[in-house]
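Everything below concerns the one structure shown next.
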Amino acid sequence: MDEPGGERGANGAPGKGKGQPPGKGRELFRSQRKESEGSVDCPNLEFEYGDSDIYAAELSELYSYTEEPEFAANRKCFEEDFQTQVKDKQWSELDVARQKAYVMRLLDGLEVVNREKRLKVARAILYLAQGVFGECDTEADVLRWSRHNNFLLYQMGTFTAFLELLNMEMANSQASGSALRKPAISLADSTELRVLLSVMYLMVEAMRVEMETDPPTWKAARDTFRTELSFPLHGEEPFALLLFTMVTKFCSGHAPHFPMKKVLLLLWKVLAFTLGGFDALQAMKVKKRQELGLPPLPEDSIQIMRSMRAASPPAYAIELVEQQQQQKRGHRSRRPLMKQDSLDIYNERDPFKNDEVLVDEEESDDIDNSIEGELDLLERDTVIQAMSAPRPPVERVSFPKGLPWAPKVRQKDIEHFLEASRNKFIGFTLGRDTDTLVGLPRPIHESVKTLKQHKYVSISEVQIRNEEEMERCPMSLGEEDVQETPCEILYRMMLYNLPQYMIALLKILLAAAPTSKAKTDSINILADVLPEEMPITVLQSMKLGIDVNRHKEIIVKSISALLLLLLKHFKLNHIYQFEYVSQHLVFANCIPLILKFFNQNIMSYITAKNSISVLDYPSCTVHELPELNAESLEVGDNNQFCWRNLFSCINLLRILNKLTKWKHSRTMMLVVFKSAPILKRALKVKQAMMQLYVLKLLKIQTKYLGRQWRKSNMKTMSAIYQKVRHRMNDDWAYGNDLDARPWDFQAEECTLRANIESFNSRRYDKSQDSEFAPVDNCLQSVLGQHLDLPEDFHYSYELWLEREVFSQPICWEELLRYP
């Protein structure tokens, strides 16, 4: 039986062939039974979610294994130049003054016209940024010298020099034209860009990561660098915007040689550095609530999620096979479980157990016919024998008292509750009045009191209320005082091209997703991983295959992380900025794309071992590389799971939650795309944070899935109750909510879009903001106004006249026709 979304099982076992002999079929089935039990019984994953992986891992992911020979090329360029300047000494033996003098001399070498000489100097600087590994004995020494050298390079102005070179390379039409003409693009087409981006990435990552041993001068340099990257200097755009431009240029097909993995990694780290990571975001949220006079947050979400324990997923695989067989035979009996399921939080007998119908699995057949394969008649006896095995003793699971989250109630919930109560007991309503309780019975008074005790006012609600007041009274309230934060500046700069940026990121994400099939019209994201000469031996092909898969995983990781950061920061800065990005993601099919990503064997993806530890930086620079063989490809890879893949999955689930929360039209998209069976399969991963976000997505759509689904998924319902925050009068489990009725969903999106456009127009379209300004109708006065023209205006003035005035035909009759 093939695993969902792929031809290989959780442990890499190939799918069942049709023409296999009986003995081999039974043996294969037994191995698959073992696999399915293993997937249900998978161990808890010791994973700690954070802004990024450990420092060394983040540096190693910058390089493809195909780039490994370039480490020696960088070292050679440095040593050839260094030996001509400094006799009988190594870099690590120089004092700081002499190191600075040498770096200054290297930066002068970047000014030469000859491209080859410039590239050699850039490689020498890259060798310094990589930690002069030729003079180091251990990986720790390489990382220590890398940090030291990167701070030194920044203080000498290296980043600014490389930024100018990057702009030159982006504008290099010769390189773009050459890449467009080639049938196949390889590493050689992006050599200069890769060197430049590698130096910039190493500098950003070294200075972004704070360590206790950092001297005060480094802390001051970090703050200065953050400011430089956040705010546009000399009237230019922020650095992040330049990288977004590279992404769109790549996706449009004008620059297919751009090394996209390095661009996306650098963009993610620049956003994390300038805007702040998840801990900084939480601190900013607390501060903003204080400024708005709101009560403090009831708890720290990150800390609660870190302390939560994973639950065992609903039983799958073998149990499902038996149920299918029984349904075919026309009788039904209690299905034997391989393991007591701790999702049933009270360990009580489930009254609906005998009636479980696997609705979600049937739906999953509609999504992908290859998800479940039929067993041959020959194997049925084996199935029945496997089912009759004695059940292991039941483990009783003890759960902590109380629920992990404080319940929340919105103002809207209190209003709805009072409206329903007044209609029932009095016969009329009082609008938004939540204080007048005259004529209502005592229990209603108590209910309102309890609801108000748990009332939670979000920053978004305050921002929406302020925006409504600004729209209603523009004259009396005057100009809005907008704080110039890095997030505000980034949004203003991104605003007019934001749809293109989102579409470009999702295009690359689609191309990198493991479930995507290669299409002729899809973009080529492997330009910076494929060598000039394709592999000729089996081992070389294996190495390249691992490298390509790793390359795609890193792209998914960087896009998921940067999209989540953007959404969270824009939501905190202003809710309509977040909604604008969200709408464009939804319009660009982000929701089905993420569901397509999860429609695979997610355990196989999370436990994938697409890495060769002996080739990872900095290990490959200080250890003798072993001869390439099947054993050396797997040495040292004993990790229980792949950190980056689990990180990507959690990020994508969080993005999906952000897009669909409180949006009934988008929740209906989850239902229409039959996401429930896909999400239920993701519960196999025993990691508390990932399970929480899956359960949240299932919770918001349970009211639309029907009674039969709820009845046959009681364990999942119990898990939702145990782990997800409660909204006191949210009728999520029964579907009686007024909001669950599917009407006016299109109107909901249209209203939101109108509010977003009104906000963007009021705050950012200053030309349209002159509606109430006095108009000068005097011709002499208007022509006599002094206008500030750009410095280069007189150079292009004649060309502008020719193009815009003289070459445009003027129909004078039109003026007479329409006076």
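In the structure tokens, the first chain shown is A, the next is B, and so on; residue numbers restart at 1 for each chain, and ligands run from 1 in the order shown.
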Could the residues of range 744-811 of chain A that have an atom at most 10 Å from range 472-493 of chain A be listed as JSON lines, each with its closest atom pair and the distance in Å to one decimal, counting only C-alpha atoms and ordered by chain and ascending residue number?
```
{"residue": "A:Asn760", "atom": "CA", "partner": "A:Arg492", "partner_atom": "CA", "distance": 9.3}
{"residue": "A:Arg762", "atom": "CA", "partner": "A:Pro474", "partner_atom": "CA", "distance": 9.6}
{"residue": "A:Arg763", "atom": "CA", "partner": "A:Glu480", "partner_atom": "CA", "distance": 8.1}
{"residue": "A:Tyr764", "atom": "CA", "partner": "A:Arg492", "partner_atom": "CA", "distance": 7.2}
{"residue": "A:Phe772", "atom": "CA", "partner": "A:Met475", "partner_atom": "CA", "distance": 8.4}
```
File of the preceding selection, all heavy atoms, as a PDB file, in the first residue's frame:
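The resulting file, again.pdb, is shown below:
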```
ATOM      1  N   ASN A 760      -4.949  52.370   2.714  1.00  0.00           N
ATOM      2  CA  ASN A 760      -3.746  52.647   1.910  1.00  0.00           C
ATOM      3  C   ASN A 760      -3.836  54.010   1.232  1.00  0.00           C
ATOM      4  O   ASN A 760      -2.852  54.750   1.160  1.00  0.00           O
ATOM      5  CB  ASN A 760      -3.560  51.557   0.854  1.00  0.00           C
ATOM      6  CG  ASN A 760      -3.024  50.269   1.438  1.00  0.00           C
ATOM      7  OD1 ASN A 760      -2.371  50.277   2.481  1.00  0.00           O
ATOM      8  ND2 ASN A 760      -3.305  49.156   0.792  1.00  0.00           N
ATOM      9  N   ARG A 762      -5.631  56.654   2.227  1.00  0.00           N
ATOM     10  CA  ARG A 762      -5.563  57.752   3.208  1.00  0.00           C
ATOM     11  C   ARG A 762      -4.148  57.954   3.721  1.00  0.00           C
ATOM     12  O   ARG A 762      -3.682  59.080   3.861  1.00  0.00           O
ATOM     13  CB  ARG A 762      -6.497  57.441   4.381  1.00  0.00           C
ATOM     14  CG  ARG A 762      -6.551  58.536   5.440  1.00  0.00           C
ATOM     15  CD  ARG A 762      -7.361  58.120   6.637  1.00  0.00           C
ATOM     16  NE  ARG A 762      -6.835  56.943   7.295  1.00  0.00           N
ATOM     17  CZ  ARG A 762      -5.736  56.948   8.056  1.00  0.00           C
ATOM     18  NH1 ARG A 762      -5.043  58.054   8.214  1.00  0.00           N
ATOM     19  NH2 ARG A 762      -5.318  55.839   8.637  1.00  0.00           N
ATOM     20  N   ARG A 763      -3.441  56.845   3.990  1.00  0.00           N
ATOM     21  CA  ARG A 763      -2.144  56.990   4.633  1.00  0.00           C
ATOM     22  C   ARG A 763      -0.992  57.174   3.657  1.00  0.00           C
ATOM     23  O   ARG A 763      -0.004  57.857   3.980  1.00  0.00           O
ATOM     24  CB  ARG A 763      -1.864  55.764   5.518  1.00  0.00           C
ATOM     25  CG  ARG A 763      -0.636  55.962   6.396  1.00  0.00           C
ATOM     26  CD  ARG A 763      -0.298  54.742   7.236  1.00  0.00           C
ATOM     27  NE  ARG A 763      -1.028  54.682   8.481  1.00  0.00           N
ATOM     28  CZ  ARG A 763      -0.650  53.931   9.520  1.00  0.00           C
ATOM     29  NH1 ARG A 763       0.436  53.197   9.443  1.00  0.00           N
ATOM     30  NH2 ARG A 763      -1.359  53.910  10.621  1.00  0.00           N
ATOM     31  N   TYR A 764      -1.085  56.587   2.453  1.00  0.00           N
ATOM     32  CA  TYR A 764       0.088  56.560   1.573  1.00  0.00           C
ATOM     33  C   TYR A 764      -0.081  57.326   0.267  1.00  0.00           C
ATOM     34  O   TYR A 764       0.909  57.682  -0.351  1.00  0.00           O
ATOM     35  CB  TYR A 764       0.474  55.107   1.270  1.00  0.00           C
ATOM     36  CG  TYR A 764       0.759  54.329   2.534  1.00  0.00           C
ATOM     37  CD1 TYR A 764      -0.125  53.357   2.992  1.00  0.00           C
ATOM     38  CD2 TYR A 764       1.887  54.602   3.300  1.00  0.00           C
ATOM     39  CE1 TYR A 764       0.114  52.661   4.163  1.00  0.00           C
ATOM     40  CE2 TYR A 764       2.134  53.918   4.470  1.00  0.00           C
ATOM     41  CZ  TYR A 764       1.251  52.950   4.906  1.00  0.00           C
ATOM     42  OH  TYR A 764       1.494  52.280   6.071  1.00  0.00           O
ATOM     43  N   PHE A 772      -9.440  68.204   0.571  1.00  0.00           N
ATOM     44  CA  PHE A 772      -9.932  69.357   1.323  1.00  0.00           C
ATOM     45  C   PHE A 772      -8.992  70.568   1.225  1.00  0.00           C
ATOM     46  O   PHE A 772      -9.198  71.560   1.896  1.00  0.00           O
ATOM     47  CB  PHE A 772     -10.121  68.966   2.793  1.00  0.00           C
ATOM     48  CG  PHE A 772     -11.085  67.834   2.980  1.00  0.00           C
ATOM     49  CD1 PHE A 772     -10.624  66.565   3.273  1.00  0.00           C
ATOM     50  CD2 PHE A 772     -12.457  68.027   2.836  1.00  0.00           C
ATOM     51  CE1 PHE A 772     -11.512  65.514   3.433  1.00  0.00           C
ATOM     52  CE2 PHE A 772     -13.338  66.989   2.996  1.00  0.00           C
ATOM     53  CZ  PHE A 772     -12.881  65.727   3.293  1.00  0.00           C
TER      54      PHE A 772
END
```
Excluding Tyr154 in chain A and residues on its chain fewer than 4 positions from it, collect all residues at most 10 Å away from it, counting only C-alpha atoms, and give them as a ChimeraX atom specification. /A:149-150,158-160,200,203-204,207,221-222,225
Now that the selection is made, can you save its residues with N, CA and C atoms as a PDB file, in the first residue's frame?
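This went into selection-v9.pdb:
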```pdb
ATOM      1  N   ASN A 149      36.202  38.269  12.053  1.00  0.00           N
ATOM      2  CA  ASN A 149      36.502  38.890  10.753  1.00  0.00           C
ATOM      3  C   ASN A 149      35.301  39.635  10.182  1.00  0.00           C
ATOM      4  N   ASN A 150      34.092  39.103  10.389  1.00  0.00           N
ATOM      5  CA  ASN A 150      32.906  39.774   9.839  1.00  0.00           C
ATOM      6  C   ASN A 150      32.647  41.111  10.522  1.00  0.00           C
ATOM      7  N   THR A 158      33.004  47.238   4.372  1.00  0.00           N
ATOM      8  CA  THR A 158      32.926  46.208   3.326  1.00  0.00           C
ATOM      9  C   THR A 158      31.503  46.020   2.810  1.00  0.00           C
ATOM     10  N   PHE A 159      30.513  46.070   3.699  1.00  0.00           N
ATOM     11  CA  PHE A 159      29.138  45.809   3.271  1.00  0.00           C
ATOM     12  C   PHE A 159      28.686  46.832   2.227  1.00  0.00           C
ATOM     13  N   THR A 160      29.005  48.090   2.444  1.00  0.00           N
ATOM     14  CA  THR A 160      28.616  49.142   1.488  1.00  0.00           C
ATOM     15  C   THR A 160      29.281  48.910   0.135  1.00  0.00           C
ATOM     16  N   MET A 200      27.843  38.909   2.087  1.00  0.00           N
ATOM     17  CA  MET A 200      26.808  39.714   2.748  1.00  0.00           C
ATOM     18  C   MET A 200      26.009  38.865   3.742  1.00  0.00           C
ATOM     19  N   MET A 203      28.102  38.212   6.879  1.00  0.00           N
ATOM     20  CA  MET A 203      28.168  39.416   7.715  1.00  0.00           C
ATOM     21  C   MET A 203      26.859  39.628   8.480  1.00  0.00           C
ATOM     22  N   VAL A 204      25.726  39.492   7.766  1.00  0.00           N
ATOM     23  CA  VAL A 204      24.419  39.700   8.416  1.00  0.00           C
ATOM     24  C   VAL A 204      24.196  38.665   9.512  1.00  0.00           C
ATOM     25  N   MET A 207      26.514  39.136  12.623  1.00  0.00           N
ATOM     26  CA  MET A 207      26.174  40.306  13.439  1.00  0.00           C
ATOM     27  C   MET A 207      24.764  40.216  14.019  1.00  0.00           C
ATOM     28  N   ALA A 221      28.257  48.150  17.046  1.00  0.00           N
ATOM     29  CA  ALA A 221      28.288  47.929  15.597  1.00  0.00           C
ATOM     30  C   ALA A 221      27.006  47.230  15.131  1.00  0.00           C
ATOM     31  N   ARG A 222      26.508  46.304  15.955  1.00  0.00           N
ATOM     32  CA  ARG A 222      25.269  45.587  15.601  1.00  0.00           C
ATOM     33  C   ARG A 222      24.102  46.569  15.489  1.00  0.00           C
ATOM     34  N   PHE A 225      24.494  48.706  12.351  1.00  0.00           N
ATOM     35  CA  PHE A 225      24.231  47.915  11.143  1.00  0.00           C
ATOM     36  C   PHE A 225      22.728  47.682  10.976  1.00  0.00           C
TER      37      PHE A 225
END
```
Within 12 Å of Leu292 in chain A using only C-alpha atoms, minus same-chain residues under 6 positions, as a PyMOL selection string: chain A and resi 285-286+457-463+466
Leaving out Val96 in chain A and any residue of its chain fewer than 4 positions from it, which residues lie within 12 Å of it when counting only C-alpha atoms, given as a PDB file with C-alpha atoms, in the first residue's frame?
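around_28.pdb, freshly written:
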```pdb
ATOM      1  CA  TRP A  91      46.323  36.377   9.456  1.00  0.00           C
ATOM      2  CA  SER A  92      45.612  35.112  12.976  1.00  0.00           C
ATOM      3  CA  LYS A 100      42.447  46.625   9.239  1.00  0.00           C
ATOM      4  CA  ALA A 101      45.210  47.952   6.996  1.00  0.00           C
ATOM      5  CA  TYR A 102      45.155  44.760   4.925  1.00  0.00           C
ATOM      6  CA  VAL A 103      41.338  44.807   4.613  1.00  0.00           C
ATOM      7  CA  HIS A 148      35.740  38.293  14.435  1.00  0.00           C
ATOM      8  CA  ASN A 149      36.502  38.890  10.753  1.00  0.00           C
ATOM      9  CA  PHE A 151      32.700  42.478  12.510  1.00  0.00           C
ATOM     10  CA  LEU A 152      36.081  43.779  11.319  1.00  0.00           C
ATOM     11  CA  LEU A 153      34.927  43.767   7.674  1.00  0.00           C
ATOM     12  CA  GLN A 155      33.775  48.347  10.522  1.00  0.00           C
ATOM     13  CA  MET A 156      35.951  48.868   7.437  1.00  0.00           C
TER      14      MET A 156
END
```
Contacts of Glu68 in chain A at 9 Å or less, counting only C-alpha atoms, minus same-chain residues fewer than 2 places along, as a ChimeraX atom specification? /A:63-66,70-72,615-617,620
Next, write the just-selected residues to a file, as a compact mmCIF listing (two decimals), in the first residue's frame, keeping C-alpha atoms as the atom set.
```txt
# COMPACT_ATOMS: atom_id res chain seq x y z
CA TYR A 63 26.52 26.47 0.51
CA SER A 64 25.50 23.70 -1.86
CA TYR A 65 27.67 20.58 -1.87
CA THR A 66 28.43 21.37 -5.51
CA GLU A 70 35.22 26.84 -4.20
CA PHE A 71 36.44 26.83 -0.58
CA ALA A 72 39.91 25.96 -1.89
CA LEU A 615 30.55 18.05 3.34
CA ASP A 616 28.82 20.57 5.64
CA TYR A 617 30.57 23.85 6.48
CA CYS A 620 34.53 20.22 5.40
```
Rounded to one decimal place, report the CA of Met470 in chain A-CA of Cys750 in chain A distance in Å. 20.3 Å
When you look at range 541-554 of chain A with a cut-off of 10 Å (counting only C-alpha atoms), what residues show up, excluding the ones that are within fewer than 3 positions of it in the same chain? I need them as an MDAnalysis selection string. chainID A and resid 58 61:66 261:262 264:265 508:509 511:514 525:526 528:531 534:538 557:560 605 608:612 628:630 633 642 644:645 648
In range 268-314 of chain A, DSSP helix (DSSP H, G or I) residues written as a list in words: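 Output for range 268-314 of chain A, helix (DSSP H, G or I) only: Trp268, Lys269, Val270, Leu271, Ala272, Phe273, Thr274, Leu275, Phe278, Asp279, Ala280, Leu281, Gln282, Ala283, Met284, Lys285, Val286, Lys287, Lys288, Arg289, Gln290, Glu291, Ser301, Ile302, Gln303, Ile304, Met305, Arg306 and Ser307 of chain A.
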Same residues, N, CA, C and O atoms, saved as a short mmCIF file (atom, residue, chain, number, x, y, z; two decimals), in the first residue's frame:
```cif
data_model
loop_
_atom_site.label_atom_id
_atom_site.label_comp_id
_atom_site.auth_asym_id
_atom_site.auth_seq_id
_atom_site.Cartn_x
_atom_site.Cartn_y
_atom_site.Cartn_z
N TRP A 268 15.54 36.59 4.27
CA TRP A 268 14.96 36.14 5.54
C TRP A 268 15.77 36.68 6.72
O TRP A 268 15.21 37.24 7.67
N LYS A 269 17.11 36.56 6.65
CA LYS A 269 17.94 36.99 7.77
C LYS A 269 17.93 38.52 7.92
O LYS A 269 17.99 39.04 9.04
N VAL A 270 17.84 39.23 6.82
CA VAL A 270 17.76 40.71 6.89
C VAL A 270 16.45 41.12 7.57
O VAL A 270 16.43 42.02 8.43
N LEU A 271 15.33 40.46 7.22
CA LEU A 271 14.05 40.77 7.86
C LEU A 271 14.08 40.41 9.35
O LEU A 271 13.59 41.17 10.19
N ALA A 272 14.66 39.25 9.67
CA ALA A 272 14.75 38.85 11.08
C ALA A 272 15.62 39.81 11.87
O ALA A 272 15.34 40.11 13.05
N PHE A 273 16.67 40.33 11.24
CA PHE A 273 17.60 41.26 11.92
C PHE A 273 16.98 42.64 12.09
O PHE A 273 17.05 43.24 13.16
N THR A 274 16.33 43.14 11.03
CA THR A 274 15.83 44.53 11.08
C THR A 274 14.49 44.64 11.79
O THR A 274 14.27 45.56 12.57
N LEU A 275 13.58 43.68 11.53
CA LEU A 275 12.26 43.76 12.16
C LEU A 275 12.25 43.13 13.55
O LEU A 275 11.53 43.59 14.44
N PHE A 278 10.91 36.30 16.90
CA PHE A 278 9.65 36.02 17.61
C PHE A 278 9.68 36.54 19.05
O PHE A 278 8.66 37.03 19.56
N ASP A 279 10.82 36.45 19.73
CA ASP A 279 10.90 36.96 21.10
C ASP A 279 10.79 38.49 21.11
O ASP A 279 10.12 39.08 21.96
N ALA A 280 11.49 39.13 20.15
CA ALA A 280 11.41 40.60 20.03
C ALA A 280 9.98 41.02 19.71
O ALA A 280 9.48 42.04 20.22
N LEU A 281 9.31 40.24 18.89
CA LEU A 281 7.92 40.53 18.50
C LEU A 281 7.01 40.49 19.72
O LEU A 281 6.13 41.34 19.88
N GLN A 282 7.21 39.49 20.60
CA GLN A 282 6.40 39.38 21.81
C GLN A 282 6.62 40.60 22.72
O GLN A 282 5.66 41.15 23.26
N ALA A 283 7.88 41.03 22.84
CA ALA A 283 8.19 42.20 23.66
C ALA A 283 7.54 43.46 23.07
O ALA A 283 7.00 44.31 23.82
N MET A 284 7.57 43.59 21.74
CA MET A 284 6.94 44.73 21.08
C MET A 284 5.43 44.73 21.28
O MET A 284 4.81 45.78 21.45
N LYS A 285 4.85 43.53 21.28
CA LYS A 285 3.41 43.40 21.48
C LYS A 285 3.02 43.86 22.89
O LYS A 285 2.03 44.60 23.06
N VAL A 286 3.79 43.44 23.89
CA VAL A 286 3.54 43.85 25.28
C VAL A 286 3.64 45.36 25.41
O VAL A 286 2.78 46.01 26.03
N LYS A 287 4.67 45.94 24.79
CA LYS A 287 4.89 47.39 24.86
C LYS A 287 3.74 48.15 24.18
O LYS A 287 3.25 49.16 24.70
N LYS A 288 3.30 47.65 23.03
CA LYS A 288 2.23 48.34 22.29
C LYS A 288 0.91 48.30 23.06
O LYS A 288 0.15 49.26 23.05
N ARG A 289 0.64 47.17 23.73
CA ARG A 289 -0.59 47.09 24.54
C ARG A 289 -0.56 48.10 25.68
O ARG A 289 -1.58 48.70 26.01
N GLN A 290 0.62 48.29 26.25
CA GLN A 290 0.76 49.31 27.32
C GLN A 290 0.49 50.70 26.76
O GLN A 290 -0.22 51.50 27.39
N GLU A 291 1.03 50.99 25.58
CA GLU A 291 0.85 52.32 24.97
C GLU A 291 -0.62 52.59 24.66
O GLU A 291 -1.09 53.72 24.76
N SER A 301 2.45 33.03 24.73
CA SER A 301 2.10 31.89 23.87
C SER A 301 3.30 30.98 23.62
O SER A 301 3.18 29.75 23.65
N ILE A 302 4.46 31.59 23.35
CA ILE A 302 5.65 30.80 23.01
C ILE A 302 6.02 29.88 24.16
O ILE A 302 6.31 28.69 23.96
N GLN A 303 6.00 30.42 25.40
CA GLN A 303 6.39 29.60 26.56
C GLN A 303 5.40 28.46 26.79
O GLN A 303 5.79 27.35 27.14
N ILE A 304 4.11 28.73 26.61
CA ILE A 304 3.11 27.67 26.81
C ILE A 304 3.30 26.56 25.79
O ILE A 304 3.26 25.37 26.13
N MET A 305 3.54 26.94 24.54
CA MET A 305 3.72 25.92 23.51
C MET A 305 4.97 25.10 23.75
O MET A 305 5.01 23.90 23.47
N ARG A 306 6.02 25.72 24.29
CA ARG A 306 7.25 24.98 24.57
C ARG A 306 7.04 23.97 25.70
O ARG A 306 7.71 22.94 25.76
N SER A 307 6.12 24.26 26.60
CA SER A 307 5.90 23.36 27.74
C SER A 307 4.85 22.29 27.44
O SER A 307 4.67 21.36 28.22
#
```
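Interatomic distance, CA of Asn114 in chain A to CA of Val132 in chain A: 25.5 Å.
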Find the residue from A:Thr84, A:Lys699, A:Val556, A:Leu692 that sits nearest to Leu510 in chain A; use only C-alpha atoms when measuring.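 Ranking A:Thr84, A:Lys699, A:Val556, A:Leu692 by distance to Leu510 in chain A, first place goes to A:Val556.
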